[in-house]
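Next up, start-v3.txt (compact mmCIF, C-alpha atoms (C1' of nucleotides)):
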# COMPACT_ATOMS: atom_id res chain seq x y z
CA MET A 19 185.02 -32.34 140.15
CA THR A 20 184.11 -28.77 140.90
CA GLU A 21 187.56 -27.91 142.14
CA THR A 22 189.09 -28.59 138.76
CA LEU A 23 187.18 -25.73 137.13
CA PRO A 24 188.41 -22.14 136.90
CA GLU A 25 186.93 -19.77 139.41
CA PHE A 26 183.70 -18.22 138.33
CA ASP A 27 181.07 -16.36 140.29
CA LEU A 28 177.73 -16.91 138.56
CA ASP A 29 175.92 -14.75 141.06
CA ARG A 30 177.82 -11.65 140.00
CA TYR A 31 177.95 -12.46 136.31
CA LEU A 32 176.33 -9.47 134.68
CA PRO A 33 174.93 -10.90 131.42
CA TYR A 34 173.21 -13.55 133.44
CA ARG A 35 171.96 -11.29 136.24
CA LEU A 36 170.64 -8.66 133.91
CA THR A 37 168.82 -11.23 131.81
CA VAL A 38 167.15 -12.83 134.79
CA ILE A 39 166.06 -9.55 136.31
CA ALA A 40 164.92 -8.01 133.06
CA ALA A 41 162.82 -11.03 132.22
CA ARG A 42 161.27 -11.00 135.63
CA LEU A 43 160.36 -7.33 135.55
CA SER A 44 158.97 -7.51 132.04
CA ALA A 45 156.88 -10.59 132.72
CA ASP A 46 155.65 -9.10 135.95
CA LEU A 47 154.51 -5.99 134.20
CA ALA A 48 153.21 -7.69 131.08
CA LYS A 49 150.75 -9.60 133.21
CA GLN A 50 149.21 -6.35 134.29
CA TYR A 51 148.53 -4.86 130.90
CA LYS A 52 148.02 -8.11 129.09
CA ALA A 53 145.19 -8.71 131.51
CA LYS A 54 143.62 -5.34 130.75
CA HIS A 55 143.98 -5.50 126.99
CA GLY A 56 145.49 -8.11 124.71
CA ILE A 57 148.70 -6.12 124.34
CA SER A 58 152.03 -7.95 124.06
CA ILE A 59 155.37 -6.48 125.05
CA ALA A 60 156.36 -5.75 121.47
CA GLU A 61 153.04 -4.03 120.80
CA TRP A 62 153.36 -2.02 123.96
CA ARG A 63 156.83 -0.80 122.96
CA VAL A 64 155.59 0.23 119.55
CA LEU A 65 152.62 2.10 120.98
CA LEU A 66 154.84 3.87 123.46
CA ASN A 67 157.22 4.97 120.76
CA LEU A 68 154.42 6.34 118.66
CA GLY A 69 153.06 8.16 121.65
CA TYR A 70 156.25 10.02 122.30
CA SER A 71 157.85 10.30 118.91
CA GLY A 72 154.97 11.36 116.71
CA GLU A 73 154.98 9.75 113.28
CA VAL A 74 157.72 7.19 112.88
CA SER A 75 158.71 4.42 110.52
CA VAL A 76 159.35 0.77 111.27
CA ARG A 77 163.04 1.49 110.92
CA ASP A 78 162.92 4.28 113.51
CA ILE A 79 161.37 1.96 116.03
CA GLU A 80 163.74 -0.85 115.24
CA ARG A 81 166.68 1.43 116.02
CA ARG A 82 165.24 3.03 119.08
CA VAL A 83 163.87 -0.02 120.83
CA SER A 84 166.29 -2.75 119.72
CA LEU A 85 163.43 -4.75 118.25
CA ASP A 86 163.97 -6.75 115.07
CA LYS A 87 162.23 -5.07 112.15
CA SER A 88 160.13 -8.15 111.45
CA LYS A 89 158.93 -8.02 115.02
CA VAL A 90 158.04 -4.37 114.67
CA SER A 91 156.35 -5.06 111.37
CA ARG A 92 154.19 -7.84 112.78
CA ALA A 93 153.37 -5.90 115.91
CA ALA A 94 152.32 -2.99 113.72
CA THR A 95 150.11 -5.26 111.64
CA ARG A 96 148.34 -6.53 114.73
CA LEU A 97 147.97 -3.04 116.15
CA GLU A 98 146.48 -1.81 112.90
CA ALA A 99 144.06 -4.73 112.77
CA GLU A 100 142.91 -3.87 116.26
CA GLY A 101 142.49 -0.24 115.36
CA TYR A 102 145.21 1.23 117.55
CA ILE A 103 147.38 2.64 114.79
CA THR A 104 147.32 3.54 111.14
CA LYS A 105 149.86 2.82 108.44
CA ALA A 106 150.45 5.19 105.57
CA VAL A 107 153.05 5.38 102.86
CA ASP A 108 155.42 8.31 103.25
CA GLU A 109 154.99 10.32 100.07
CA GLY A 110 158.43 11.85 100.46
CA ASP A 111 160.12 8.45 100.50
CA ARG A 112 157.74 5.76 99.39
CA ARG A 113 159.79 3.00 101.01
CA LEU A 114 158.92 4.38 104.41
CA LEU A 115 155.79 3.65 106.34
CA LYS A 116 154.35 6.31 108.58
CA LEU A 117 152.90 4.78 111.69
CA ALA A 118 150.54 6.90 113.77
CA LEU A 119 148.22 6.44 116.73
CA THR A 120 144.48 6.44 116.26
CA GLU A 121 142.10 7.85 118.86
CA LYS A 122 141.67 4.36 120.18
CA GLY A 123 145.44 3.99 120.39
CA ILE A 124 145.70 7.19 122.39
CA GLU A 125 142.97 5.99 124.70
CA VAL A 126 144.71 2.72 125.41
CA LEU A 127 147.94 4.55 126.15
CA HIS A 128 146.04 6.68 128.64
CA GLU A 129 145.16 3.49 130.45
CA LEU A 130 148.49 1.71 130.14
CA ILE A 131 150.91 4.49 130.92
CA PRO A 132 149.73 4.94 134.49
CA ILE A 133 150.35 1.26 135.07
CA ALA A 134 153.89 1.62 133.76
CA VAL A 135 154.48 4.77 135.77
CA ALA A 136 153.26 3.13 138.94
CA TYR A 137 155.52 0.18 138.35
CA GLN A 138 158.51 2.41 137.78
CA ARG A 139 157.73 4.34 140.97
CA GLU A 140 157.54 1.10 142.87
CA LEU A 141 160.94 0.09 141.56
CA GLU A 142 162.41 3.46 142.43
CA ARG A 143 160.97 3.23 145.90
CA THR A 144 162.52 -0.20 146.34
CA LEU A 145 165.86 1.01 145.06
CA GLY A 146 165.78 4.21 147.03
CA PRO A 147 168.98 6.21 146.68
CA GLN A 148 170.50 3.48 144.52
CA THR A 149 168.20 4.42 141.66
CA GLU A 150 170.54 7.04 140.31
CA ALA A 151 173.56 4.77 140.51
CA LEU A 152 171.71 2.10 138.57
CA GLN A 153 170.62 4.50 135.87
CA ALA A 154 174.15 5.83 135.57
CA ALA A 155 175.57 2.34 135.24
CA LEU A 156 173.00 1.51 132.58
CA ASP A 157 173.97 4.65 130.71
CA ILE A 158 177.52 3.39 130.58
CA LEU A 159 176.54 -0.06 129.41
CA MET A 160 174.24 1.39 126.78
CA ASP A 161 177.07 3.41 125.27
CA GLY A 162 179.76 0.84 125.84
CA SER A 163 178.43 -1.84 123.57
CA GLY A 164 176.48 -0.08 120.96
CA MET B 13 148.73 14.65 119.98
CA THR B 14 151.77 13.96 122.11
CA GLU B 15 150.89 16.68 124.58
CA THR B 16 147.66 14.99 125.54
CA LEU B 17 149.50 11.96 126.95
CA PRO B 18 150.68 11.65 130.55
CA GLU B 19 154.35 12.29 131.09
CA PHE B 20 156.53 9.28 130.63
CA ASP B 21 160.27 8.96 130.22
CA LEU B 22 160.98 5.87 128.16
CA ASP B 23 164.72 6.37 128.37
CA ARG B 24 164.72 5.89 132.11
CA TYR B 25 162.09 3.20 132.20
CA LEU B 26 163.80 0.32 133.94
CA PRO B 27 161.94 -2.74 132.60
CA TYR B 28 162.65 -1.49 129.12
CA ARG B 29 166.25 -0.45 129.68
CA LEU B 30 167.20 -3.64 131.45
CA THR B 31 165.65 -5.75 128.72
CA VAL B 32 167.47 -3.95 125.94
CA ILE B 33 170.82 -4.06 127.67
CA ALA B 34 170.51 -7.64 128.83
CA ALA B 35 169.59 -8.81 125.36
CA ARG B 36 172.49 -6.94 123.88
CA LEU B 37 175.05 -8.34 126.31
CA SER B 38 173.76 -11.88 125.98
CA ALA B 39 173.67 -11.81 122.21
CA ASP B 40 177.11 -10.27 122.13
CA LEU B 41 178.51 -13.02 124.27
CA ALA B 42 176.50 -15.84 122.73
CA LYS B 43 178.16 -15.11 119.40
CA GLN B 44 181.52 -15.86 120.93
CA TYR B 45 180.75 -19.27 122.34
CA LYS B 46 178.21 -20.26 119.78
CA ALA B 47 180.95 -19.81 117.25
CA LYS B 48 183.33 -22.06 119.21
CA HIS B 49 180.81 -24.79 119.97
CA GLY B 50 177.14 -25.15 119.17
CA ILE B 51 176.13 -24.08 122.65
CA SER B 52 172.98 -22.00 123.14
CA ILE B 53 172.38 -19.65 126.03
CA ALA B 54 170.10 -22.10 127.83
CA GLU B 55 172.63 -24.90 127.43
CA TRP B 56 175.40 -22.68 128.66
CA ARG B 57 173.44 -21.80 131.78
CA VAL B 58 172.73 -25.43 132.53
CA LEU B 59 176.36 -26.40 132.09
CA LEU B 60 177.49 -23.59 134.33
CA ASN B 61 175.08 -24.61 137.04
CA LEU B 62 176.26 -28.17 136.94
CA GLY B 63 179.84 -27.02 137.07
CA TYR B 64 179.35 -25.08 140.27
CA SER B 65 176.57 -26.90 142.03
CA GLY B 66 177.57 -30.54 141.65
CA GLU B 67 174.68 -32.88 140.97
CA VAL B 68 171.39 -31.08 140.53
CA SER B 69 167.90 -31.78 139.29
CA VAL B 70 165.94 -29.99 136.58
CA ARG B 71 163.92 -28.29 139.28
CA ASP B 72 167.04 -27.00 141.03
CA ILE B 73 168.17 -25.34 137.84
CA GLU B 74 164.74 -24.00 137.08
CA ARG B 75 164.70 -22.24 140.44
CA ARG B 76 168.23 -20.99 140.37
CA VAL B 77 168.38 -19.68 136.84
CA SER B 78 164.79 -18.58 136.23
CA LEU B 79 164.53 -20.90 133.25
CA ASP B 80 161.25 -22.64 132.48
CA LYS B 81 161.49 -26.31 133.33
CA SER B 82 160.66 -27.35 129.80
CA LYS B 83 163.53 -25.21 128.61
CA VAL B 84 165.87 -26.83 131.09
CA SER B 85 164.56 -30.25 130.13
CA ARG B 86 165.16 -29.70 126.44
CA ALA B 87 168.55 -28.14 126.98
CA ALA B 88 169.49 -31.14 129.11
CA THR B 89 168.35 -33.51 126.39
CA ARG B 90 170.52 -31.79 123.83
CA LEU B 91 173.48 -31.67 126.18
CA GLU B 92 173.15 -35.36 126.88
CA ALA B 93 172.90 -36.17 123.18
CA GLU B 94 176.11 -34.24 122.60
CA GLY B 95 177.81 -36.04 125.43
CA TYR B 96 178.29 -33.09 127.78
CA ILE B 97 176.17 -34.36 130.64
CA THR B 98 174.58 -37.53 131.97
CA LYS B 99 171.09 -38.05 133.31
CA ALA B 100 170.37 -40.54 136.06
CA VAL B 101 167.32 -41.23 138.19
CA ASP B 102 167.75 -40.23 141.81
CA GLU B 103 167.24 -43.45 143.77
CA GLY B 104 166.25 -41.51 146.86
CA ASP B 105 163.39 -39.76 145.07
CA ARG B 106 162.70 -41.38 141.76
CA ARG B 107 160.91 -38.34 140.39
CA LEU B 108 164.18 -36.44 140.40
CA LEU B 109 166.80 -36.53 137.70
CA LYS B 110 170.42 -36.19 138.65
CA LEU B 111 172.26 -34.20 136.03
CA ALA B 112 176.03 -34.38 136.04
CA LEU B 113 178.88 -33.24 133.80
CA THR B 114 180.85 -35.73 131.76
CA GLU B 115 184.56 -35.35 131.09
CA LYS B 116 183.65 -33.74 127.81
CA GLY B 117 181.34 -31.35 129.63
CA ILE B 118 184.11 -30.36 131.97
CA GLU B 119 186.41 -29.80 129.04
CA VAL B 120 184.00 -27.51 127.29
CA LEU B 121 183.52 -25.51 130.46
CA HIS B 122 187.27 -25.11 130.63
CA GLU B 123 187.09 -23.46 127.26
CA LEU B 124 183.97 -21.40 127.76
CA ILE B 125 184.52 -20.04 131.22
CA PRO B 126 187.58 -17.99 130.27
CA ILE B 127 185.50 -16.34 127.56
CA ALA B 128 182.84 -15.45 130.11
CA VAL B 129 185.41 -14.25 132.62
CA ALA B 130 187.08 -12.06 130.02
CA TYR B 131 183.75 -10.56 129.05
CA GLN B 132 182.87 -9.85 132.65
CA ARG B 133 186.27 -8.18 133.18
CA GLU B 134 185.67 -6.05 130.12
CA LEU B 135 182.33 -4.94 131.51
CA GLU B 136 183.81 -4.19 134.89
CA ARG B 137 186.56 -2.18 133.27
CA THR B 138 183.99 -0.19 131.33
CA LEU B 139 181.91 0.40 134.45
CA GLY B 140 184.90 1.19 136.62
CA PRO B 141 183.88 2.26 140.11
CA GLN B 142 180.20 2.01 139.16
CA THR B 143 180.45 -1.77 139.11
CA GLU B 144 179.73 -2.15 142.78
CA ALA B 145 176.78 0.21 142.67
CA LEU B 146 175.28 -1.74 139.82
CA GLN B 147 175.71 -5.06 141.59
CA ALA B 148 174.17 -3.63 144.73
CA ALA B 149 171.18 -2.31 142.81
CA LEU B 150 170.71 -5.68 141.15
CA ASP B 151 170.82 -7.34 144.55
CA ILE B 152 167.93 -5.18 145.61
CA LEU B 153 165.91 -5.87 142.49
CA MET B 154 166.57 -9.59 142.78
CA ASP B 155 165.13 -9.67 146.27
CA GLY B 156 162.44 -7.13 145.69
CA SER B 157 160.41 -9.02 143.14
CA GLY B 158 160.95 -12.63 143.94
C1' DC C 27 145.19 -49.56 153.98
C1' DA C 28 143.07 -46.79 149.97
C1' DT C 29 142.94 -42.70 147.54
C1' DA C 30 143.18 -37.82 146.85
C1' DT C 31 146.80 -34.21 146.24
C1' DT C 32 151.34 -32.51 145.11
C1' DT C 33 155.71 -32.62 142.81
C1' DT C 34 158.83 -33.61 138.91
C1' DG C 35 160.20 -33.98 134.23
C1' DT C 36 158.57 -34.63 129.40
C1' DT C 37 155.89 -33.62 125.51
C1' DG C 38 152.19 -31.58 122.31
C1' DC C 39 150.89 -27.48 120.47
C1' DA C 40 150.09 -22.96 118.88
C1' DA C 41 152.42 -18.67 119.05
C1' DT C 42 156.51 -16.26 118.48
C1' DC C 43 161.26 -15.72 117.23
C1' DG C 44 165.21 -14.23 114.44
C1' DC C 45 167.27 -14.68 110.17
C1' DA C 46 167.45 -14.64 105.30
C1' DA C 47 165.28 -13.78 100.98
C1' DC C 48 162.53 -10.86 98.54
C1' DG C 49 160.13 -6.85 95.87
C1' DA C 50 159.73 -2.06 95.77
C1' DA C 51 161.80 2.33 96.09
C1' DG C 52 165.62 5.33 96.33
C1' DT C 53 170.60 6.64 95.49
C1' DC C 54 174.86 6.78 93.20
C1' DA C 55 178.06 6.79 89.42
C1' DA C 56 179.32 6.75 84.80
C1' DT D 6 169.66 7.55 80.99
C1' DT D 7 171.10 2.82 82.52
C1' DG D 8 172.65 -0.45 85.79
C1' DA D 9 174.75 -1.53 90.35
C1' DC D 10 174.02 -0.87 94.96
C1' DT D 11 171.51 0.38 99.27
C1' DT D 12 167.48 0.82 102.21
C1' DC D 13 162.84 -0.40 103.89
C1' DG D 14 159.14 -3.33 105.16
C1' DT D 15 157.07 -7.96 104.52
C1' DT D 16 157.08 -12.78 104.43
C1' DG D 17 158.62 -17.79 104.53
C1' DC D 18 160.76 -20.93 107.31
C1' DG D 19 162.78 -23.76 110.71
C1' DA D 20 163.83 -23.27 115.50
C1' DT D 21 162.47 -21.92 120.00
C1' DT D 22 159.16 -20.42 123.32
C1' DG D 23 155.95 -20.80 127.20
C1' DC D 24 151.91 -22.95 128.71
C1' DA D 25 149.07 -26.74 129.65
C1' DA D 26 148.38 -31.62 129.79
C1' DC D 27 150.30 -35.68 131.14
C1' DA D 28 152.45 -40.04 133.50
C1' DA D 29 155.17 -41.46 137.25
C1' DA D 30 156.44 -40.99 141.86
C1' DA D 31 155.94 -39.21 146.41
C1' DT D 32 153.18 -37.41 150.07
C1' DA D 33 149.05 -36.32 152.73
C1' DT D 34 144.51 -37.44 154.36
C1' DG D 35 140.99 -40.38 155.71
How does this structure look as structure tokens?
Amino acid sequence: MTETLPEFDLDRYLPYRLTVIAARLSADLAKQYKAKHGISIAEWRVLLNLGYSGEVSVRDIERRVSLDKSKVSRAATRLEAEGYITKAVDEGDRRLLKLALTEKGIEVLHELIPIAVAYQRELERTLGPQTEALQAALDILMDGSG
Amino acid sequence: MTETLPEFDLDRYLPYRLTVIAARLSADLAKQYKAKHGISIAEWRVLLNLGYSGEVSVRDIERRVSLDKSKVSRAATRLEAEGYITKAVDEGDRRLLKLALTEKGIEVLHELIPIAVAYQRELERTLGPQTEALQAALDILMDGSG
DNA sequence: CATATTTTGTTGCAATCGCAACGAAGTCAA
DNA sequence: TTGACTTCGTTGCGATTGCAACAAAATATG
């Protein structure tokens, strides 16, 4: 039966490989900071963006992080409820929402970022000299299909 | 505010980058074969595994494809309902389910595989000589955190 | 042998997802 | 200005998700 099918090498098939590896890394890492605080991946991405982009809107995050706007919106609602961020209407353009970190949000980032940094270092150590090649390839893929 | 946070480069952060790119590639591709047939990503992975591994159990697929067993189970149920695969109890170990492609399943693979192959070729063309480096890096990551 | 423990696949359930629809606000053109 | 169109964030909804609980079967332990 198998021999009637076209040749196909699943083990080198990039959409599949990337999905498997990405899911594994994210889950791996999520365990670490989910255990410390109740932060989900989406919430973590939003916090991170606020931390390094200053005040941003839902739309900004959606674009930057490839997260559906409803996902960003709901993550932001949860983060606000927990006191990590504030929401405020942008007076310049009242459709926009200005999201900003609270003190508590900054504190939690101070705890979570080192975890992320350590994980990244670990990956880079594992990859060794291949790290740069990987990043370069990802650069190409990021441009290629955007 | 930003300057009080530890340094962190989101744009080179691998768990994040890999997730974004993997999701983009998969969605991109899923559109193509979802349009042709009603096949989801999970179903597609199961079909592919059956095509190239002969008879396998739910557990085999779970291990090989990093898909939760409930996801595999439900995908298999749908595939059986649509006539793409058969389920049969393994008489050697009656806990195991032997999944196998039907003629119709083989046919659909004949249509879908060329789409996947073309997409992979396109990616490899875009990556050019970086393709090998990327695959090598993924090999390392696959081992590293398993 | 009996009976605990492990493995396999399914299912119940609450949480989450992405998409589409929507109201509010802004922009554009006549 | 008015009215059509676009943009932004929220929400409703059905589908999907992952986890835990479960029954059936196999295996290990006594």
Q | Interface residues on chain C facing chain B, 10 Å, all atoms listed in the file, written as a list in words | A |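 Per the criterion, chain C yields DT33, DT34, DG35, DT36 and DT37 of chain C.
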Q) Contacts of Ile39 (chain A) at 12 Å or less, counting all atoms listed in the file, minus same-chain residues fewer than 4 places along, as a ChimeraX atom specification? A) /A:32-35,43-46 /B:26-35,77-79,147,149-158
I'd like the superposed chain A, fitted onto chain B by least squares over all Cα atoms in order, as a compact mmCIF listing (two decimals) with C-alpha atoms, in the frame of the given file.
# COMPACT_ATOMS: atom_id res chain seq x y z
CA MET A 19 149.04 14.85 119.70
CA THR A 20 152.00 14.12 121.90
CA GLU A 21 151.15 16.86 124.34
CA THR A 22 147.90 15.19 125.28
CA LEU A 23 149.68 12.17 126.76
CA PRO A 24 150.82 11.86 130.38
CA GLU A 25 154.47 12.49 130.98
CA PHE A 26 156.63 9.46 130.55
CA ASP A 27 160.37 9.12 130.18
CA LEU A 28 161.04 5.99 128.13
CA ASP A 29 164.77 6.47 128.37
CA ARG A 30 164.75 5.99 132.13
CA TYR A 31 162.09 3.31 132.22
CA LEU A 32 163.77 0.43 133.97
CA PRO A 33 161.92 -2.63 132.61
CA TYR A 34 162.63 -1.39 129.14
CA ARG A 35 166.26 -0.38 129.73
CA LEU A 36 167.16 -3.57 131.49
CA THR A 37 165.59 -5.68 128.77
CA VAL A 38 167.42 -3.89 126.00
CA ILE A 39 170.78 -4.04 127.72
CA ALA A 40 170.43 -7.61 128.88
CA ALA A 41 169.51 -8.78 125.41
CA ARG A 42 172.42 -6.95 123.93
CA LEU A 43 174.96 -8.35 126.36
CA SER A 44 173.65 -11.89 126.04
CA ALA A 45 173.58 -11.83 122.26
CA ASP A 46 177.01 -10.29 122.17
CA LEU A 47 178.41 -13.02 124.31
CA ALA A 48 176.42 -15.85 122.77
CA LYS A 49 178.06 -15.11 119.45
CA GLN A 50 181.41 -15.86 120.97
CA TYR A 51 180.68 -19.27 122.37
CA LYS A 52 178.12 -20.26 119.81
CA ALA A 53 180.87 -19.79 117.27
CA LYS A 54 183.24 -22.04 119.20
CA HIS A 55 180.76 -24.79 119.95
CA GLY A 56 177.09 -25.17 119.14
CA ILE A 57 176.07 -24.10 122.64
CA SER A 58 172.91 -22.04 123.14
CA ILE A 59 172.32 -19.70 126.05
CA ALA A 60 170.06 -22.16 127.84
CA GLU A 61 172.60 -24.95 127.43
CA TRP A 62 175.36 -22.71 128.66
CA ARG A 63 173.40 -21.83 131.80
CA VAL A 64 172.73 -25.47 132.52
CA LEU A 65 176.37 -26.43 132.06
CA LEU A 66 177.47 -23.61 134.30
CA ASN A 67 175.10 -24.66 137.03
CA LEU A 68 176.31 -28.22 136.89
CA GLY A 69 179.87 -27.02 137.03
CA TYR A 70 179.39 -25.13 140.23
CA SER A 71 176.62 -26.99 141.98
CA GLY A 72 177.65 -30.60 141.57
CA GLU A 73 174.76 -32.95 140.90
CA VAL A 74 171.47 -31.15 140.50
CA SER A 75 167.97 -31.84 139.28
CA VAL A 76 166.00 -30.06 136.59
CA ARG A 77 164.00 -28.42 139.35
CA ASP A 78 167.13 -27.06 141.05
CA ILE A 79 168.22 -25.40 137.85
CA GLU A 80 164.78 -24.06 137.11
CA ARG A 81 164.76 -22.30 140.48
CA ARG A 82 168.28 -21.04 140.38
CA VAL A 83 168.41 -19.73 136.85
CA SER A 84 164.81 -18.64 136.25
CA LEU A 85 164.54 -20.96 133.28
CA ASP A 86 161.26 -22.73 132.56
CA LYS A 87 161.54 -26.41 133.42
CA SER A 88 160.67 -27.45 129.88
CA LYS A 89 163.52 -25.32 128.66
CA VAL A 90 165.88 -26.93 131.13
CA SER A 91 164.59 -30.35 130.20
CA ARG A 92 165.14 -29.81 126.48
CA ALA A 93 168.53 -28.22 127.00
CA ALA A 94 169.50 -31.22 129.12
CA THR A 95 168.35 -33.60 126.41
CA ARG A 96 170.48 -31.85 123.82
CA LEU A 97 173.47 -31.72 126.15
CA GLU A 98 173.16 -35.42 126.85
CA ALA A 99 172.89 -36.23 123.16
CA GLU A 100 176.08 -34.29 122.56
CA GLY A 101 177.83 -36.07 125.38
CA TYR A 102 178.30 -33.13 127.72
CA ILE A 103 176.20 -34.42 130.59
CA THR A 104 174.62 -37.56 131.93
CA LYS A 105 171.14 -38.11 133.29
CA ALA A 106 170.44 -40.60 136.04
CA VAL A 107 167.43 -41.33 138.17
CA ASP A 108 167.88 -40.35 141.80
CA GLU A 109 167.41 -43.58 143.73
CA GLY A 110 166.44 -41.68 146.85
CA ASP A 111 163.57 -39.92 145.10
CA ARG A 112 162.84 -41.54 141.78
CA ARG A 113 161.03 -38.47 140.46
CA LEU A 114 164.28 -36.57 140.46
CA LEU A 115 166.86 -36.63 137.73
CA LYS A 116 170.49 -36.26 138.63
CA LEU A 117 172.31 -34.26 136.02
CA ALA A 118 176.10 -34.42 135.99
CA LEU A 119 178.94 -33.27 133.76
CA THR A 120 180.89 -35.75 131.70
CA GLU A 121 184.60 -35.34 130.99
CA LYS A 122 183.67 -33.74 127.72
CA GLY A 123 181.35 -31.37 129.55
CA ILE A 124 184.14 -30.36 131.90
CA GLU A 125 186.43 -29.79 128.96
CA VAL A 126 183.99 -27.50 127.22
CA LEU A 127 183.51 -25.51 130.41
CA HIS A 128 187.27 -25.08 130.57
CA GLU A 129 187.07 -23.42 127.19
CA LEU A 130 183.92 -21.38 127.74
CA ILE A 131 184.48 -20.03 131.21
CA PRO A 132 187.50 -17.96 130.25
CA ILE A 133 185.42 -16.32 127.56
CA ALA A 134 182.76 -15.45 130.12
CA VAL A 135 185.33 -14.23 132.61
CA ALA A 136 186.98 -12.03 130.04
CA TYR A 137 183.65 -10.55 129.08
CA GLN A 138 182.78 -9.83 132.68
CA ARG A 139 186.17 -8.17 133.21
CA GLU A 140 185.58 -6.03 130.17
CA LEU A 141 182.23 -4.93 131.55
CA GLU A 142 183.74 -4.18 134.93
CA ARG A 143 186.48 -2.18 133.30
CA THR A 144 183.91 -0.18 131.37
CA LEU A 145 181.85 0.41 134.48
CA GLY A 146 184.82 1.21 136.64
CA PRO A 147 183.83 2.28 140.14
CA GLN A 148 180.15 2.04 139.21
CA THR A 149 180.39 -1.74 139.16
CA GLU A 150 179.67 -2.09 142.83
CA ALA A 151 176.73 0.28 142.72
CA LEU A 152 175.22 -1.70 139.87
CA GLN A 153 175.63 -5.00 141.64
CA ALA A 154 174.10 -3.56 144.79
CA ALA A 155 171.12 -2.23 142.87
CA LEU A 156 170.65 -5.60 141.21
CA ASP A 157 170.73 -7.25 144.61
CA ILE A 158 167.85 -5.07 145.66
CA LEU A 159 165.83 -5.77 142.55
CA MET A 160 166.48 -9.49 142.86
CA ASP A 161 165.05 -9.55 146.37
CA GLY A 162 162.35 -7.00 145.76
CA SER A 163 160.33 -8.95 143.26
CA GLY A 164 160.95 -12.52 144.01
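Take CA of Lys105 (chain A) and C1' of DC48 (chain C): the distance between them is 21.1 Å.
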Q: May I ask which of the residues B:Tyr64, B:Phe20, B:Arg36, B:Leu41 is the closest one to Ala130 (chain B), counting only C-alpha atoms?
A: B:Leu41
Q: Find the distance between CA of Ala88 (chain B) and CA of Lys116 (chain B) and write it in Å to one decimal.
A: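 Computed distance, CA of Ala88 (chain B) to CA of Lys116 (chain B), equals 14.5 Å.
Among the candidates D:DC13, D:DA20, D:DA26, D:DA31, the residue lying nearest to chain A is D:DC13 (atoms considered: all atoms listed in the file).
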(Q) Between CA of Thr104 (chain A) and CA of Leu117 (chain A), what is the distance in Å, rounded to a tenth? (A) 5.7 Å
**Q.** Interface, chain D side, toward chain B (10 Å; all atoms listed in the file) as a PyMOL selection string
**A.** chain D and resi 21-24+29-31
Q: Determine, counting only C-alpha atoms (C1' of nucleotides), every residue of protein, DNA or RNA that lies within 12 Å of (187.1, -20.2, 141.2) in the file coordinates, then give the result as a list of chain:residue names.
A: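 Those residues, ordered by chain and then number, are A:Thr20, A:Glu21, A:Thr22, A:Leu23, A:Pro24, A:Glu25, A:Phe26, A:Asp27, A:Leu28, B:Gly63, B:Tyr64, B:His122, B:Ile125, B:Pro126, B:Val129.
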Q) Using all atoms listed in the file, which residues sit within 10 Å of Asn67 (chain A) once same-chain residues fewer than 6 positions away are excluded, as a ChimeraX atom specification? A) /A:61,73-74,78-79,82-83,118-119 /B:22
Q) With only C-alpha atoms as the basis for distance, which of A:Asp29, A:His55, A:Thr95, A:Gly101 is at the shortest distance from chain B? A)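 Selected residue with least distance to chain B: A:Asp29.
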Q: Can you work out which one of A:Val107, A:Leu66, A:Ala99, A:Ala93 has the shortest atom-to-atom distance to chain B, counting only C-alpha atoms?
A: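 Closest to chain B of all the choices is A:Leu66.
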Q. From the list B:Gly66, B:Ser52, B:Lys43, B:Glu123, which residue is nearest chain A when using all atoms listed in the file?
A.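 Nearest candidate to chain A out of B:Gly66, B:Ser52, B:Lys43, B:Glu123: B:Gly66.
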Q) Which residue, A:Ala60, A:Leu130, A:Ala151, A:Ala48, has the smallest gap to chain B when you use all atoms listed in the file? A) A:Ala151
